[in-house]
Structure formats: C-alpha cells, structure tokens
Amino acid sequence: MSGLVAPFSVPFMGRALAELLLLAVVCGPVSVLVFLRRIAFVADALTHTVFPGVVIGFLVAGWTGIAGGALVAALLTAVALTVLTRWGRLSDDTTVAVLLTAMFSLGVVLVSRQHSYTSDLTAFLFGRLLTVTPAQLAQTAVLAAIVLTGLAVTARPLILRAFDPIAAATAGYRLTLLDLGLNTAVALVVVAAVQAVGTILVIALLIVPAATARLLTDRLTAMAVIATAVTGLAAYLGLLASWTASVRYGLRLTSAAAVVLTLVACYVLALLAAHLRRRPHPPAATVTR
Amino acid sequence: MSWLLQDTFGRALVQAVAVGVLTGLVGVHVVLRRLSFFTMTMAHATFPGVVAASVLGINIYLGGVVAGVLTAAAVAALARTRGQEATAATGVILSAGFALGVALVATQNGFSRDLSAFLVGSILTVTTENLVVTVVLLAVTAVALAVGGRHLLYVGFDPAGARAAGYRVRLLDLALLLLVDLVVVAIVPAVGTILALALIVAPAAAARAWTDRLAPMTALAATLGAGSAAAGLWLSRLWDVAAGGSISLTAATVLLGSLAAHRLRDGFRTIFLTAP
C-alpha cells in the first residue's frame with residue numbers, strides 16, 4: 001500500500017500530482033466543449049501557437065515573462081482563428097493549419113537565434129512536470145478559476161451553439177462572440193498548462209478525456225464529471241508508473257508521456273466497455289432507454 | 001546537377017524544391033478534402049513507428065509507413081464507433097502517437113536533439129537516402145495523380161454520385177489517405193512535422209485563391225511550394241535563422257499575399273462591373 005502513496009510524499013511528485021489534478025478539474029468541462037464543437041484541431045493549434053509568445057516573453061523578461069508572452073500569443077491566436085474562419089474563403093482546417101505552422105515557425109526562427117536551441121524546444125514540448133513550483137501551481141489555480149467561472153456563466157449558450165447554431169443565432173446570441181469565448185477558454189487552459197506539463201500533455205488533456213467520457217455516457221454533466229475523474233486517475237497512475245519504472249527498474253519513462261499513455265489506455269478500456277455493453281442485446285438497449 | 005549535390009546548401013536546395021513540388025501536388029487534395037488535421041495526425045502518429053524502427057535497426061521509412069497505415073485504419077475504425085466523430089478520434093490518435101513516440105525516444109540517448117529534428121527537421125543535413133526517397137515518391141505521386149486526380153476529385157465532391165457511377169469510393173478514399181501517409185513519411189525525416197504540414201497546406205490554399213480548376217491549381221500549388229521552399233531556404237541562409245521555420249513562414253506569406261490579391265481582384269471587379 002505504501003508503494004501507492006509514498007512516491008507522492010516526495011515534494012516534487014506531490015506538486016506534479018497537484019498540478020495535474022488542478023488541470024483535470026478544468027480540462028474535464030473544457031474538453032467536453034472541445035469535443036462537442038469538434039475543435040480538436042484548434043486545441044492542437046493553440047498548444048503550438050503559444051510558442052512564439054513563450055520565446056518573446058523569455059527574451060524580454062526572462063523566466064517571469066513566459067506566462068505573459070504565452071497569454072498574449074494565445075489570445076491573439078484565439079482572435080485570429082475566430083476572425084479568419086469567419087472571414088471565409090479558407091476552410092476552417094486550412095486556416096488552423098496555416099496559423100499553427102506560421103506561428104510555431106516564428107517561434108522556431110526566434111529561438112534559432114539563441115544558443116540553447118534544442119533544450120528550449122524540448123522543455124517546451126515536455127514542460128517540466130517534475131519541477132513545478134508553488135508559484136506555477138498558484139498561477140494554474142487562478143487561470144483554472146477564471147476559465148471555470150467563465151464556463152459556468154456561458155455554458156448554456158455554448159452548448160446550444162454546439163448543437164444548433166441556427167437556434168443559438170435566433171435566440172439572439174452572437175455566434176462569433178461565443179466562438180471567441182470558447183477559443184479563449186481553451187487558450188487560457190493551454191497557457192495554464194503548457195509551461196508546467198508541455199504540449200504533448202496539453203493536447204491529450206484537451207481531447208482524450210471527453211472522448212473517453214462520451215463512450216461511457218450520453219449526458220453532458222456526467223461527461224464532464226467522468227472526464228475529470230478519468231484525467232485525475234490517469235494523472236495518478238501515470239505518475240506512479242513513471243516513478244516506479246524510473247526508481248525501481250531504472251527505465252527512463254518520461255512522466256508527461258506516461259500520463260498521456262495511461263489516459264489513452266483508459267480510452268481503449270472505455271472503448272472495449274462500450275462495445276461489450278452494447279453487444280449482447282443491441283435492440284433491447286434502445287428500448288429500455 | 002552533380003555539382004549542386006556536392007555542396008550542403010545545394011543538396012538542401014534540391015531536397016527543398018523536390019519536397020515543395022511533392023507537397024504542392026498532394027496538398028491540393030488535402031485542402032479540397034479538408035484533411036489538414038489528418039495530415040497533422042499522420043505526421044505525429046508515424047513518429048513512434050520511425051523511432052521504433054530506428055531502435056530495432058530496421059529501415060525508418062518502413063517503420064513510418066507501417067505506423068501510418070495503422071493510423072489511417074485506426075482513425076477510420078474509431079470514427080465509425082457510436083458517439084465518436086472523426087475529429088475526436090483523430091485527436092486521440094494524435095495524442096497517443098505523439099506520446100508513444102516521445103516515450104520511445106526518451107529511452108534513448110541524446111533524445112532532445114532527435115525530438116527537435118522531428119519537429120522542425122534538419123533540411124541542411126539531408127542524406128542521399130532522403131533525396132532518393134523524395135524524388136522517387138515525387139515521380140510515383142505525379143503519375144498517380146495524373147491518372148487518378150480527376151477521379152479523386154469526383155469522389156471527394158460527390159461520393160453518392162461517384163458510387164452510383166460505379167466508383168469504389170472507400171477504396172479511392174483509402175488510396176488518398178495512403179498517398180498522404182507516404183508523402184508525410186517520406187518528407188518528415190528531412191523537413192520535420194511542422195514544415196511538412198505548412199508545405200502541404202499553404203501553397204495549395206494559395207493556389208486555391210487564384211483558380212477553381214484542378215489542373216491549373218495543382219500546377220500552381222507545385223510551383224508555389226517549390227518557390228516557397230527555395231526562397232525560404234535562401235532567406236534562412238541570408239539571415240542565419242532555422243531553415244524549416246523560414247520556409248514555412250515564406251509559404252504562409254505567399255498564402256497571405258494570394259488571399260489579399262484575390263480580395264483586391266474581387267474588389268476591382270465589383271467596381272468595374274457595377275460602374276455605370
């Protein structure tokens with residue numbers, strides 16, 4: 001039993017778990033909206049487009065400038081994506097792809113003028129999950145609170161817009177503003193998470209939890225709760241696996257990758273569960289509901 | 001030609017132009033069929049295959065192709081599961097593939113350099129093998145699209161009509177996905193994922209702004225792709241910045257220019273046509 005709890009009494013492991021649990025709370029509902037609006041690619045793009053902001057922030061103000069730079073870049077992306085997709089002519093996915101590659105390349109070009117080129121990029125990809133500072137934890141908590149409050153206020157119109165944009169427009173909601181709002185929420189989550197946990201983990205946290213939850217339930221609230229629970233579970237198990245592999249067996253299992261792979265394993269299990277649940281009596285299942 | 005291949009910059013230039021033409025050809029179909037996210041996923045999900053192949057000592061292209069075929073199959077299968085639409089399924093595969101690749105790379109030595117190379121490529125250290133693979137695939141793709149391009153277009157725009165006309169729609173869709181897969185696998189080792197996506201999408205989207213017809217669009221996309229690649233490489237040498245980044249920024253600039261030109265042209269047309 002102590003093997004399951006003891007690793008987290010080490011301060012850096014405890015902080016890593018705390019950071020991930022905070023992110024789980026906010027990523028549950030956000031990932032559900034990302035899933036409903038089918039903007040997984042936008043989420044992926046945002047994790048890349050904050051990169052030039054990170055670089056410029058670092059160049060201007062050192063380590064303290066990173067969060068600010070990322071925030072500015074993320075908000076700019078959210079606005080640019082909303083405006084460009086509304087502007088027409090280019091299809092959504094083309095706009096996203098071009099914005100993603102252009103912004104990321106800007107970051108790469110800026111970084112390539114510096115000395116520690118590869119190590120900077122790697123830190124950005126992986127984050128520094130095991131060196132999360134209390135200050136970063138506080139920062140994540142603040143951003144999470146902002147995002148959750150925003151979602152709590154706008155959840156209804158956002159869901160309506162996801163299911164029936166025409167009805168939402170008829171009800172008097174401004175679709176552009178709603179899109180901008182959701183893109184901004186995703187952008188804030190990315191900013192809150194990227195420095196601590198890196199891009200690979202952020203993409204996974206924004207997409208996989210809701211996809212997993214969707215396999216287990218049809219109800220939205222339940223989806224958000226399950227998404228959060230699955231993320232929390234995967235965070236715990238992934239960190240534990242990474243710790244055990246490194247300490248006991250001397251295998252280098254990167255913590256961020258371990259958490260993502262655990263999350264994906266949960267998805268596969270949910271997939272199997274969904275298949276098993278429906279297989280025995282396919283017609284009966286629809287009748288009893 | 002051989003003098004060009006002696007010099008590092010010359011080799012990079014040849015590779016960049018070949019990649020630019022290749023991505024332009026395929027990019028037209030990626031843009032018309034809205035496969036950008038799939039392309040991005042392909043680039044990430046072939047990563048573990050490449051790493052595993054290099055760990056096991058197999059040809060890395062083989063590993064990439066196998067992983068790519070698995071990815072295409074997995075996306076197609078997941079997208080048909082109840083409640084899982086294509087975007088989410090693609091996203092899950094992307095995260096899984098990326099994380100698996102990173103986990104595999106991290107068990108090896110010197111991994112941060114490999115990872116950066118995977119993302120932004122290292123076109124200046126392109127090998128003869130890279131060059132040969134790119135050129136051969138370019139020839140294969142050109143032939144395949146010359147023969148089947150119009151059919152692909154028909155199936156893309158009107159699947160029901162194509163099916164009624166006797167096309168095997170699923171097969172053609174799969175063929176297109178495999179073609180994207182092959183292109184991604186061939187060029188990612190040399191140019192990296194981000195640049196691969198940039199060169200596939202941006203020149204084709206720029207060509208789309210100038211014309212609505214497939215043949216001119218394809219020719220223009222290939223030209224713009226090759227031009228962006230060459231110009232980007234030259235600018236990167238001029239200003240001493242990362243080659244991959246510089247090329248994809250050039251491609252994005254070309255796209256912005258094309259869109260602006262299109263707007264202007266439309267504007268002029270409206271002025272002249274509505275003038276009394």
# chains A, B, ... in the order shown; residues from 1 in each chain; ligands from 1
>>> interface_residues(of="chain B", to="chain A", cutoff="8 Å", atoms="only C-alpha atoms", output="ChimeraX atom specification")
/B:31,34-37,82-84,87-89,91-92,95-96,98-100,102-103,106-107,112-113,115-116,120,194-195,197-198,201-202,205,209,240-242,244-246,248-249,252
>>> residues_around(residues="segment 54-64 of chain B", least_positions_apart="3", cutoff="10 Å", atoms="only C-alpha atoms", output="CSV table (one decimal) with N, CA and C atoms, in the first residue's frame")
chain,number,residue,atom,x,y,z
B,42,MET,N,-1.1,12.3,-38.9
B,42,MET,CA,-0.3,11.4,-39.6
B,42,MET,C,1.2,11.7,-39.3
B,43,ALA,N,1.5,13.0,-39.3
B,43,ALA,CA,2.9,13.3,-39.0
B,43,ALA,C,3.3,12.9,-37.6
B,45,ALA,N,1.7,10.6,-35.7
B,45,ALA,CA,1.4,9.2,-35.3
B,45,ALA,C,2.4,8.2,-36.1
B,46,THR,N,3.1,8.7,-37.1
B,46,THR,CA,4.1,7.9,-37.7
B,46,THR,C,5.4,8.0,-36.9
B,47,PHE,N,5.5,9.0,-36.0
B,47,PHE,CA,6.7,9.2,-35.2
B,47,PHE,C,7.1,7.9,-34.4
B,48,PRO,N,6.2,7.3,-33.6
B,48,PRO,CA,6.6,6.1,-32.9
B,48,PRO,C,7.1,5.0,-33.8
B,49,GLY,N,6.5,4.9,-35.0
B,49,GLY,CA,7.0,3.9,-36.0
B,49,GLY,C,8.4,4.1,-36.4
B,50,VAL,N,8.7,5.4,-36.7
B,50,VAL,CA,10.1,5.8,-37.1
B,50,VAL,C,11.1,5.5,-36.0
B,51,VAL,N,10.7,5.9,-34.7
B,51,VAL,CA,11.6,5.7,-33.6
B,51,VAL,C,11.8,4.2,-33.4
B,67,ALA,N,3.4,2.3,-39.4
B,67,ALA,CA,2.7,3.1,-38.4
B,67,ALA,C,1.6,4.0,-39.1
B,68,GLY,N,1.9,4.5,-40.3
B,68,GLY,CA,0.9,5.3,-41.0
B,68,GLY,C,-0.3,4.5,-41.4
B,69,VAL,N,-0.1,3.3,-41.9
B,69,VAL,CA,-1.2,2.5,-42.3
B,69,VAL,C,-2.1,2.2,-41.1
B,70,LEU,N,-1.4,1.8,-40.0
B,70,LEU,CA,-2.2,1.5,-38.8
B,70,LEU,C,-3.0,2.8,-38.4
B,104,LEU,N,9.2,6.5,-26.4
B,104,LEU,CA,10.3,5.7,-27.0
B,104,LEU,C,11.6,6.4,-27.2
B,105,VAL,N,11.5,7.7,-27.7
B,105,VAL,CA,12.7,8.5,-27.9
B,105,VAL,C,13.4,8.7,-26.5
B,107,THR,N,13.8,6.9,-24.1
B,107,THR,CA,14.6,5.8,-23.5
B,107,THR,C,16.0,5.8,-24.2
B,108,GLN,N,16.1,6.5,-25.3
B,108,GLN,CA,17.4,6.5,-26.0
B,108,GLN,C,18.3,7.7,-25.5
B,130,ASN,N,17.4,10.3,-48.2
B,130,ASN,CA,16.3,11.2,-48.1
B,130,ASN,C,16.0,11.7,-49.5
B,133,VAL,N,14.6,8.9,-51.8
B,133,VAL,CA,13.2,8.6,-51.5
B,133,VAL,C,12.2,9.7,-52.0
B,181,ASP,N,-0.1,9.6,-46.4
B,181,ASP,CA,0.7,8.9,-45.4
B,181,ASP,C,2.1,8.8,-46.0
B,182,LEU,N,2.2,8.3,-47.3
B,182,LEU,CA,3.5,8.1,-47.9
B,182,LEU,C,4.3,9.4,-48.0
B,184,VAL,N,4.0,12.1,-46.1
B,184,VAL,CA,4.4,12.6,-44.8
B,184,VAL,C,5.6,11.7,-44.3
B,185,VAL,N,5.5,10.4,-44.5
B,185,VAL,CA,6.6,9.6,-44.1
B,185,VAL,C,7.9,9.9,-44.8
B,186,ALA,N,7.8,10.2,-46.1
B,186,ALA,CA,9.0,10.5,-46.9
B,186,ALA,C,9.6,11.8,-46.5
B,187,ILE,N,8.8,12.8,-46.2
B,187,ILE,CA,9.4,14.1,-46.0
B,187,ILE,C,9.7,14.5,-44.6
B,188,VAL,N,9.0,13.9,-43.6
B,188,VAL,CA,9.2,14.3,-42.2
B,188,VAL,C,10.6,14.1,-41.7
B,189,PRO,N,11.3,13.0,-42.0
B,189,PRO,CA,12.7,12.9,-41.6
B,189,PRO,C,13.6,14.0,-42.0
>>> atom_distance(atom1="atom CA of His29 of chain B", atom2="atom CA of Ala77 of chain B")
21.9 Å
>>> residues_around(residues="segment 156-165 of chain B", least_positions_apart="2", cutoff="12 Å", atoms="only C-alpha atoms", output="list in words")
Val28, His29, Val30, Val31, Leu32, Arg33, Arg34, Leu35, Gly149, Arg150, His151, Leu152, Leu153, Tyr154, Tyr167, Arg168, Val169, Arg170, Leu171, Leu172, Asp173, Leu174 and Leu176 of chain B
>>> residues_around(residues="segment 57-73 of chain A", least_positions_apart="3", cutoff="12 Å", atoms="only C-alpha atoms", output="PyMOL selection string")
chain A and resi 45-54+76-81+99-100+103-104+106-107+110-111+113-114+120+124+135-136+139-140+143+184-196
